[in-house]
Amino acid sequence: MKNSFSIFFLIIIALLFGGCSAKKPYSYPNYDIIKPEKTCEPNRENIEKLLKKYLDTPYIWAEEGPYAFDCSGLTYNIYGQMGIALPRTAREQAKVGKSVHYGNLIYGDLIFFGSAYSRTSRITHVGIYLGNGWFAHASSKDRKVTYTNFDDEPIYLKRMRTCKRYMSPDERSYYMNCDGKLTPMKTRTLANSTPWQPGMHIPKKAVPN
C-alpha cells in the first residue's frame with residue numbers, strides 16, 4: 001500500500017512539472033515576448049547581414065522572429081542578436097538611445113513614426129535607416145520586411161516623430177540613456193512559447209481588432 005501511494009505521488013508530481021514546462025502552442029496574436037539570443041557583435045555590418053536575411057519575411061502582428069515580424073519586433077530582434085537589449089515596442093524603444101536629427105542619420109539608426117493625420121507624439125511605427133533616404137521596416141501595408149525610400153513615399157516624412165541612435169559612429173560605445181519611464185516586459189524562450197512559423201496561416205488583417 002505504501003509503495004502504491006509513493007508511485008501515485010510521483011506520478012502527480014511528474015504531471016504537475018510536465019504541465020508547467022509544456023510548450024505553449026501558437027495562437028494569433030502571440031503576445032509572448034521571446035528574447036533573441038546574442039549571435040553576433042554589435043556593428044552596422046551585422047545589421048546589414050540580418051536585414052538581408054529577413055528581407056521579404058512576413059509581417060505578423062506581435063511577432064519578433066525568427067520567421068515573422070511586426071515593425072518593433074524586427075528592430076528588437078536585430079539589436080537583440082547583437083546584445084543590445086532594446087524594449088519590445090516602438091513606443092518604448094523611442095524612449096531610449098540618443099536623439100539625432102533626421103539630417104544627421106547614419107546606417108542603423110532607428111526612425112520612429114506616428115499617424116499622418118495627427119501631430120500627436122504617439123509612436124506607431126519604426127524603421128531602420130540605411131542611408132540616402134532608404135529605411136528598412138516590417139511594413140503592415142506591404143505585409144513583409146521591405147525597403148522604402150522617402151522620395152517614393154513622402155508620407156513617411158510627415159509621419160516622422162523622432163530618430164534614435166544606439167551605437168556611436170565608431171561602434172565603440174552605446175547610447176542607452178532613457179527619456180522616460182519604461183514598462184517592464186516579461187520575456188519567454190523558444191522552449192516554452194511557439195512563435196509564428198512557415199506554413200502557418202497568415203492573418204487576413206495586419207492589425208488585429
# chains A, B, ... in the order shown; residues from 1 in each chain; ligands from 1
call {"tool": "residues_around", "arguments": {"residues": "Asn132 in chain A", "least_positions_apart": "6", "cutoff": "12 Å", "atoms": "only C-alpha atoms", "output": "ChimeraX atom specification"}}
result
/A:102-107,147-151
call {"tool": "closest_residue", "arguments": {"among": "A:Tyr174, A:Tyr129, A:Tyr117, A:Phe112", "to": "Ser72 in chain A", "atoms": "only C-alpha atoms"}}
result
A:Phe112
call {"tool": "closest_residue", "arguments": {"among": "A:Lys98, A:Lys24, A:Lys186, A:Arg44", "to": "Asp170 in chain A", "atoms": "only C-alpha atoms"}}
result
A:Arg44
call {"tool": "select_by_dssp", "arguments": {"residues": "range 38-207 of chain A", "states": "strand (DSSP E or B)", "output": "ChimeraX atom specification"}}
result
/A:58-59,64,69,96,98-99,110-113,125-131,134-139,144-149,160-165,167,174,178,187-188,193
call {"tool": "write_last_selection", "arguments": {"atoms": "N, CA and C atoms", "output": "short mmCIF file (atom, residue, chain, number, x, y, z; two decimals), in the first residue's frame"}}
result
data_model
loop_
_atom_site.label_atom_id
_atom_site.label_comp_id
_atom_site.auth_asym_id
_atom_site.auth_seq_id
_atom_site.Cartn_x
_atom_site.Cartn_y
_atom_site.Cartn_z
N PRO A 58 7.43 37.55 -43.69
CA PRO A 58 6.07 38.06 -43.49
C PRO A 58 5.92 39.01 -42.30
N TYR A 59 5.03 39.98 -42.47
CA TYR A 59 4.62 40.84 -41.36
C TYR A 59 3.49 40.14 -40.61
N GLU A 64 8.30 38.68 -33.13
CA GLU A 64 9.67 39.20 -33.14
C GLU A 64 10.65 38.17 -33.71
N PHE A 69 7.68 39.09 -38.37
CA PHE A 69 7.93 40.25 -37.53
C PHE A 69 6.81 41.27 -37.64
N VAL A 96 14.58 55.29 -25.41
CA VAL A 96 15.98 55.07 -25.09
C VAL A 96 16.86 55.42 -26.29
N LYS A 98 20.12 57.87 -28.10
CA LYS A 98 20.49 59.27 -28.31
C LYS A 98 19.63 59.87 -29.42
N SER A 99 18.96 60.97 -29.14
CA SER A 99 18.16 61.63 -30.16
C SER A 99 19.07 62.26 -31.21
N LEU A 110 17.45 54.29 -35.73
CA LEU A 110 16.03 53.99 -35.84
C LEU A 110 15.23 55.27 -36.04
N ILE A 111 14.22 55.17 -36.90
CA ILE A 111 13.31 56.28 -37.18
C ILE A 111 11.93 55.88 -36.67
N PHE A 112 11.32 56.74 -35.88
CA PHE A 112 10.01 56.44 -35.30
C PHE A 112 8.93 57.33 -35.92
N PHE A 113 7.80 56.70 -36.20
CA PHE A 113 6.72 57.36 -36.92
C PHE A 113 5.43 57.37 -36.09
N HIS A 125 5.07 53.30 -35.35
CA HIS A 125 5.85 52.52 -36.32
C HIS A 125 7.32 52.85 -36.17
N VAL A 126 8.20 51.92 -36.60
CA VAL A 126 9.64 52.14 -36.51
C VAL A 126 10.33 51.48 -37.70
N GLY A 127 11.41 52.12 -38.17
CA GLY A 127 12.21 51.56 -39.25
C GLY A 127 13.69 51.80 -38.99
N ILE A 128 14.53 51.11 -39.74
CA ILE A 128 15.99 51.20 -39.59
C ILE A 128 16.56 51.98 -40.76
N TYR A 129 17.23 53.08 -40.46
CA TYR A 129 17.76 53.93 -41.53
C TYR A 129 18.93 53.24 -42.23
N LEU A 130 18.97 53.34 -43.57
CA LEU A 130 20.00 52.69 -44.37
C LEU A 130 20.90 53.66 -45.11
N GLY A 131 20.48 54.92 -45.23
CA GLY A 131 21.26 55.90 -45.98
C GLY A 131 20.56 56.31 -47.27
N TRP A 134 16.78 55.82 -47.64
CA TRP A 134 16.22 54.47 -47.55
C TRP A 134 16.12 54.04 -46.09
N PHE A 135 15.06 53.28 -45.78
CA PHE A 135 14.96 52.63 -44.48
C PHE A 135 14.31 51.26 -44.65
N ALA A 136 14.64 50.37 -43.72
CA ALA A 136 14.06 49.02 -43.71
C ALA A 136 13.03 48.94 -42.60
N HIS A 137 11.96 48.19 -42.85
CA HIS A 137 10.93 48.04 -41.82
C HIS A 137 10.04 46.85 -42.14
N ALA A 138 9.39 46.34 -41.09
CA ALA A 138 8.34 45.35 -41.28
C ALA A 138 7.06 46.13 -41.52
N SER A 139 6.61 46.15 -42.76
CA SER A 139 5.51 47.01 -43.19
C SER A 139 4.17 46.30 -43.10
N LYS A 144 5.25 42.58 -45.20
CA LYS A 144 6.54 41.91 -45.22
C LYS A 144 7.63 42.89 -44.78
N VAL A 145 8.83 42.35 -44.53
CA VAL A 145 10.00 43.18 -44.28
C VAL A 145 10.48 43.70 -45.63
N THR A 146 10.62 45.01 -45.73
CA THR A 146 10.92 45.61 -47.03
C THR A 146 11.77 46.85 -46.86
N TYR A 147 12.23 47.39 -47.99
CA TYR A 147 12.96 48.65 -48.02
C TYR A 147 12.05 49.72 -48.63
N THR A 148 12.11 50.92 -48.06
CA THR A 148 11.30 52.03 -48.54
C THR A 148 12.17 53.27 -48.63
N ASN A 149 11.90 54.11 -49.64
CA ASN A 149 12.63 55.37 -49.79
C ASN A 149 11.67 56.54 -49.56
N MET A 160 7.08 61.18 -39.47
CA MET A 160 8.26 61.07 -38.62
C MET A 160 8.09 61.86 -37.32
N ARG A 161 8.45 61.20 -36.20
CA ARG A 161 8.34 61.84 -34.89
C ARG A 161 9.70 62.05 -34.21
N THR A 162 10.56 61.05 -34.26
CA THR A 162 11.88 61.17 -33.63
C THR A 162 12.81 60.13 -34.23
N CYS A 163 14.10 60.33 -34.06
CA CYS A 163 15.12 59.39 -34.54
C CYS A 163 16.08 59.11 -33.39
N LYS A 164 16.51 57.86 -33.26
CA LYS A 164 17.37 57.47 -32.15
C LYS A 164 18.58 56.68 -32.65
N ARG A 165 19.69 56.85 -31.91
CA ARG A 165 20.93 56.14 -32.20
C ARG A 165 21.35 55.36 -30.95
N MET A 167 24.26 53.01 -31.22
CA MET A 167 25.69 52.76 -31.34
C MET A 167 26.38 54.03 -31.80
N TYR A 174 27.85 52.92 -26.58
CA TYR A 174 26.43 52.74 -26.80
C TYR A 174 25.64 53.79 -26.03
N CYS A 178 17.71 56.95 -20.99
CA CYS A 178 16.27 56.83 -21.12
C CYS A 178 15.59 58.18 -20.95
N THR A 187 9.86 38.23 -20.60
CA THR A 187 10.23 37.51 -21.82
C THR A 187 10.12 36.01 -21.62
N ARG A 188 9.98 35.31 -22.72
CA ARG A 188 9.97 33.85 -22.74
C ARG A 188 11.09 33.36 -23.66
N SER A 193 7.45 28.75 -25.64
CA SER A 193 6.49 29.51 -26.43
C SER A 193 6.72 29.23 -27.91
#
call {"tool": "atom_distance", "arguments": {"atom1": "CA of Ser115 in chain A", "atom2": "CA of Asp152 in chain A"}}
result
18.0 Å
call {"tool": "closest_residue", "arguments": {"among": "A:Thr124, A:Asn192, A:Asn177, A:Ala116", "to": "Lys158 in chain A", "atoms": "only C-alpha atoms"}}
result
A:Ala116
call {"tool": "select_by_dssp", "arguments": {"residues": "chain A", "states": "helix (DSSP H, G or I)", "output": "PyMOL selection string"}}
result
chain A and resi 2-20+44-54+71-81+90-93+102-104+155-159
call {"tool": "closest_residue", "arguments": {"among": "A:Tyr26, A:Lys141, A:Tyr166, A:His101", "to": "Thr75 in chain A", "atoms": "only C-alpha atoms"}}
result
A:Tyr166
call {"tool": "atom_distance", "arguments": {"atom1": "CA of Tyr79 in chain A", "atom2": "CA of Glu48 in chain A"}}
result
11.4 Å
call {"tool": "closest_residue", "arguments": {"among": "A:Gly133, A:Pro169, A:Gly73, A:Pro87", "to": "Asn30 in chain A", "atoms": "only C-alpha atoms"}}
result
A:Gly73
call {"tool": "closest_residue", "arguments": {"among": "A:Arg159, A:Lys49, A:Lys38, A:Arg88", "to": "Gly108 in chain A", "atoms": "only C-alpha atoms"}}
result
A:Lys49
call {"tool": "decode", "arguments": {"residues": "range 73-206 of chain A", "atoms": "C-alpha atoms", "output": "PDB file, in the first residue's frame"}}
result
ATOM      1  CA  GLY A  73       9.776  43.052 -33.421  1.00  0.00           C
ATOM      2  CA  LEU A  74      12.262  43.433 -36.287  1.00  0.00           C
ATOM      3  CA  THR A  75      14.304  46.117 -34.536  1.00  0.00           C
ATOM      4  CA  TYR A  76      14.066  44.282 -31.203  1.00  0.00           C
ATOM      5  CA  ASN A  77      15.374  41.086 -32.829  1.00  0.00           C
ATOM      6  CA  ILE A  78      18.232  42.642 -34.804  1.00  0.00           C
ATOM      7  CA  TYR A  79      19.584  44.723 -31.937  1.00  0.00           C
ATOM      8  CA  GLY A  80      18.963  41.856 -29.512  1.00  0.00           C
ATOM      9  CA  GLN A  81      21.042  39.472 -31.619  1.00  0.00           C
ATOM     10  CA  MET A  82      23.888  41.959 -31.280  1.00  0.00           C
ATOM     11  CA  GLY A  83      23.499  42.012 -27.495  1.00  0.00           C
ATOM     12  CA  ILE A  84      21.808  45.428 -27.329  1.00  0.00           C
ATOM     13  CA  ALA A  85      18.638  44.998 -25.288  1.00  0.00           C
ATOM     14  CA  LEU A  86      16.021  47.353 -26.684  1.00  0.00           C
ATOM     15  CA  PRO A  87      12.496  47.394 -25.267  1.00  0.00           C
ATOM     16  CA  ARG A  88       9.988  45.369 -27.291  1.00  0.00           C
ATOM     17  CA  THR A  89       7.560  48.016 -28.568  1.00  0.00           C
ATOM     18  CA  ALA A  90       8.237  51.017 -30.815  1.00  0.00           C
ATOM     19  CA  ARG A  91       6.850  53.418 -28.216  1.00  0.00           C
ATOM     20  CA  GLU A  92       9.267  52.083 -25.582  1.00  0.00           C
ATOM     21  CA  GLN A  93      12.212  51.858 -27.998  1.00  0.00           C
ATOM     22  CA  ALA A  94      11.786  55.560 -28.764  1.00  0.00           C
ATOM     23  CA  LYS A  95      12.409  56.388 -25.094  1.00  0.00           C
ATOM     24  CA  VAL A  96      15.983  55.067 -25.089  1.00  0.00           C
ATOM     25  CA  GLY A  97      19.079  55.975 -27.062  1.00  0.00           C
ATOM     26  CA  LYS A  98      20.485  59.270 -28.307  1.00  0.00           C
ATOM     27  CA  SER A  99      18.165  61.628 -30.164  1.00  0.00           C
ATOM     28  CA  VAL A 100      19.511  62.610 -33.576  1.00  0.00           C
ATOM     29  CA  HIS A 101      18.239  64.981 -36.260  1.00  0.00           C
ATOM     30  CA  TYR A 102      16.992  63.448 -39.500  1.00  0.00           C
ATOM     31  CA  GLY A 103      19.766  65.205 -41.430  1.00  0.00           C
ATOM     32  CA  ASN A 104      22.408  63.524 -39.248  1.00  0.00           C
ATOM     33  CA  LEU A 105      21.146  59.955 -39.519  1.00  0.00           C
ATOM     34  CA  ILE A 106      23.628  57.158 -40.210  1.00  0.00           C
ATOM     35  CA  TYR A 107      23.155  53.497 -41.047  1.00  0.00           C
ATOM     36  CA  GLY A 108      21.454  51.560 -38.250  1.00  0.00           C
ATOM     37  CA  ASP A 109      19.728  54.485 -36.534  1.00  0.00           C
ATOM     38  CA  LEU A 110      16.030  53.986 -35.844  1.00  0.00           C
ATOM     39  CA  ILE A 111      13.310  56.276 -37.175  1.00  0.00           C
ATOM     40  CA  PHE A 112      10.009  56.439 -35.297  1.00  0.00           C
ATOM     41  CA  PHE A 113       6.724  57.364 -36.917  1.00  0.00           C
ATOM     42  CA  GLY A 114       3.253  58.396 -35.843  1.00  0.00           C
ATOM     43  CA  SER A 115      -0.017  58.979 -37.666  1.00  0.00           C
ATOM     44  CA  ALA A 116       0.000  61.025 -40.856  1.00  0.00           C
ATOM     45  CA  TYR A 117      -3.314  62.593 -39.836  1.00  0.00           C
ATOM     46  CA  SER A 118      -2.400  63.697 -36.324  1.00  0.00           C
ATOM     47  CA  ARG A 119       0.501  65.705 -34.910  1.00  0.00           C
ATOM     48  CA  THR A 120       0.448  63.917 -31.567  1.00  0.00           C
ATOM     49  CA  SER A 121       3.721  62.446 -30.336  1.00  0.00           C
ATOM     50  CA  ARG A 122       2.271  58.918 -30.181  1.00  0.00           C
ATOM     51  CA  ILE A 123       4.607  56.382 -31.806  1.00  0.00           C
ATOM     52  CA  THR A 124       3.023  53.765 -34.081  1.00  0.00           C
ATOM     53  CA  HIS A 125       5.851  52.520 -36.323  1.00  0.00           C
ATOM     54  CA  VAL A 126       9.642  52.137 -36.510  1.00  0.00           C
ATOM     55  CA  GLY A 127      12.211  51.563 -39.251  1.00  0.00           C
ATOM     56  CA  ILE A 128      15.989  51.197 -39.587  1.00  0.00           C
ATOM     57  CA  TYR A 129      17.757  53.926 -41.532  1.00  0.00           C
ATOM     58  CA  LEU A 130      20.002  52.685 -44.373  1.00  0.00           C
ATOM     59  CA  GLY A 131      21.262  55.898 -45.982  1.00  0.00           C
ATOM     60  CA  ASN A 132      20.286  58.048 -48.989  1.00  0.00           C
ATOM     61  CA  GLY A 133      16.679  58.241 -47.833  1.00  0.00           C
ATOM     62  CA  TRP A 134      16.218  54.473 -47.546  1.00  0.00           C
ATOM     63  CA  PHE A 135      14.963  52.634 -44.479  1.00  0.00           C
ATOM     64  CA  ALA A 136      14.063  49.019 -43.709  1.00  0.00           C
ATOM     65  CA  HIS A 137      10.932  48.044 -41.824  1.00  0.00           C
ATOM     66  CA  ALA A 138       8.341  45.349 -41.281  1.00  0.00           C
ATOM     67  CA  SER A 139       5.514  47.008 -43.186  1.00  0.00           C
ATOM     68  CA  SER A 140       1.894  46.307 -42.287  1.00  0.00           C
ATOM     69  CA  LYS A 141       0.903  47.773 -45.689  1.00  0.00           C
ATOM     70  CA  ASP A 142       3.237  45.549 -47.718  1.00  0.00           C
ATOM     71  CA  ARG A 143       2.811  42.680 -45.210  1.00  0.00           C
ATOM     72  CA  LYS A 144       6.540  41.911 -45.216  1.00  0.00           C
ATOM     73  CA  VAL A 145      10.002  43.177 -44.284  1.00  0.00           C
ATOM     74  CA  THR A 146      10.916  45.610 -47.027  1.00  0.00           C
ATOM     75  CA  TYR A 147      12.964  48.647 -48.022  1.00  0.00           C
ATOM     76  CA  THR A 148      11.296  52.029 -48.543  1.00  0.00           C
ATOM     77  CA  ASN A 149      12.626  55.371 -49.788  1.00  0.00           C
ATOM     78  CA  PHE A 150      11.289  58.691 -48.520  1.00  0.00           C
ATOM     79  CA  ASP A 151      11.336  60.071 -52.093  1.00  0.00           C
ATOM     80  CA  ASP A 152       8.984  57.297 -53.219  1.00  0.00           C
ATOM     81  CA  GLU A 153       6.690  57.554 -50.188  1.00  0.00           C
ATOM     82  CA  PRO A 154       6.989  61.095 -48.759  1.00  0.00           C
ATOM     83  CA  ILE A 155       4.085  60.404 -46.397  1.00  0.00           C
ATOM     84  CA  TYR A 156       6.677  58.881 -44.061  1.00  0.00           C
ATOM     85  CA  LEU A 157       8.375  62.266 -43.699  1.00  0.00           C
ATOM     86  CA  LYS A 158       5.066  63.676 -42.494  1.00  0.00           C
ATOM     87  CA  ARG A 159       4.735  60.772 -40.065  1.00  0.00           C
ATOM     88  CA  MET A 160       8.257  61.066 -38.619  1.00  0.00           C
ATOM     89  CA  ARG A 161       8.339  61.844 -34.892  1.00  0.00           C
ATOM     90  CA  THR A 162      11.878  61.167 -33.630  1.00  0.00           C
ATOM     91  CA  CYS A 163      15.118  59.390 -34.538  1.00  0.00           C
ATOM     92  CA  LYS A 164      17.374  57.467 -32.154  1.00  0.00           C
ATOM     93  CA  ARG A 165      20.933  56.136 -32.202  1.00  0.00           C
ATOM     94  CA  TYR A 166      22.156  53.260 -30.021  1.00  0.00           C
ATOM     95  CA  MET A 167      25.693  52.763 -31.343  1.00  0.00           C
ATOM     96  CA  SER A 168      28.275  55.515 -31.653  1.00  0.00           C
ATOM     97  CA  PRO A 169      29.561  56.150 -35.197  1.00  0.00           C
ATOM     98  CA  ASP A 170      32.790  54.289 -34.361  1.00  0.00           C
ATOM     99  CA  GLU A 171      30.770  51.421 -32.753  1.00  0.00           C
ATOM    100  CA  ARG A 172      32.863  51.638 -29.573  1.00  0.00           C
ATOM    101  CA  SER A 173      30.190  52.969 -27.222  1.00  0.00           C
ATOM    102  CA  TYR A 174      26.427  52.739 -26.795  1.00  0.00           C
ATOM    103  CA  TYR A 175      23.696  55.222 -26.026  1.00  0.00           C
ATOM    104  CA  MET A 176      21.044  53.693 -23.776  1.00  0.00           C
ATOM    105  CA  ASN A 177      20.006  56.734 -21.761  1.00  0.00           C
ATOM    106  CA  CYS A 178      16.267  56.831 -21.123  1.00  0.00           C
ATOM    107  CA  ASP A 179      13.924  59.757 -21.801  1.00  0.00           C
ATOM    108  CA  GLY A 180      11.002  58.310 -19.845  1.00  0.00           C
ATOM    109  CA  LYS A 181       9.738  55.519 -17.646  1.00  0.00           C
ATOM    110  CA  LEU A 182       9.974  52.117 -19.312  1.00  0.00           C
ATOM    111  CA  THR A 183       7.270  49.493 -18.917  1.00  0.00           C
ATOM    112  CA  PRO A 184       8.737  46.213 -17.587  1.00  0.00           C
ATOM    113  CA  MET A 185       8.223  43.330 -20.021  1.00  0.00           C
ATOM    114  CA  LYS A 186       8.435  39.626 -19.209  1.00  0.00           C
ATOM    115  CA  THR A 187      10.230  37.509 -21.815  1.00  0.00           C
ATOM    116  CA  ARG A 188       9.971  33.849 -22.740  1.00  0.00           C
ATOM    117  CA  THR A 189      12.175  31.451 -24.681  1.00  0.00           C
ATOM    118  CA  LEU A 190      11.524  29.199 -27.659  1.00  0.00           C
ATOM    119  CA  ALA A 191      11.443  26.307 -25.188  1.00  0.00           C
ATOM    120  CA  ASN A 192       8.116  27.421 -23.711  1.00  0.00           C
ATOM    121  CA  SER A 193       6.489  29.507 -26.430  1.00  0.00           C
ATOM    122  CA  THR A 194       5.752  28.976 -30.112  1.00  0.00           C
ATOM    123  CA  PRO A 195       6.235  31.923 -32.499  1.00  0.00           C
ATOM    124  CA  TRP A 196       4.677  32.055 -35.959  1.00  0.00           C
ATOM    125  CA  GLN A 197       6.364  29.588 -38.317  1.00  0.00           C
ATOM    126  CA  PRO A 198       6.359  28.989 -42.097  1.00  0.00           C
ATOM    127  CA  GLY A 199       3.291  27.056 -43.174  1.00  0.00           C
ATOM    128  CA  MET A 200       1.057  28.659 -40.569  1.00  0.00           C
ATOM    129  CA  HIS A 201      -1.889  30.809 -41.593  1.00  0.00           C
ATOM    130  CA  ILE A 202      -1.172  34.476 -42.274  1.00  0.00           C
ATOM    131  CA  PRO A 203      -3.955  36.575 -40.722  1.00  0.00           C
ATOM    132  CA  LYS A 204      -6.127  38.497 -43.179  1.00  0.00           C
ATOM    133  CA  LYS A 205      -5.887  41.698 -41.128  1.00  0.00           C
ATOM    134  CA  ALA A 206      -2.411  43.090 -40.484  1.00  0.00           C
TER     135      ALA A 206
END
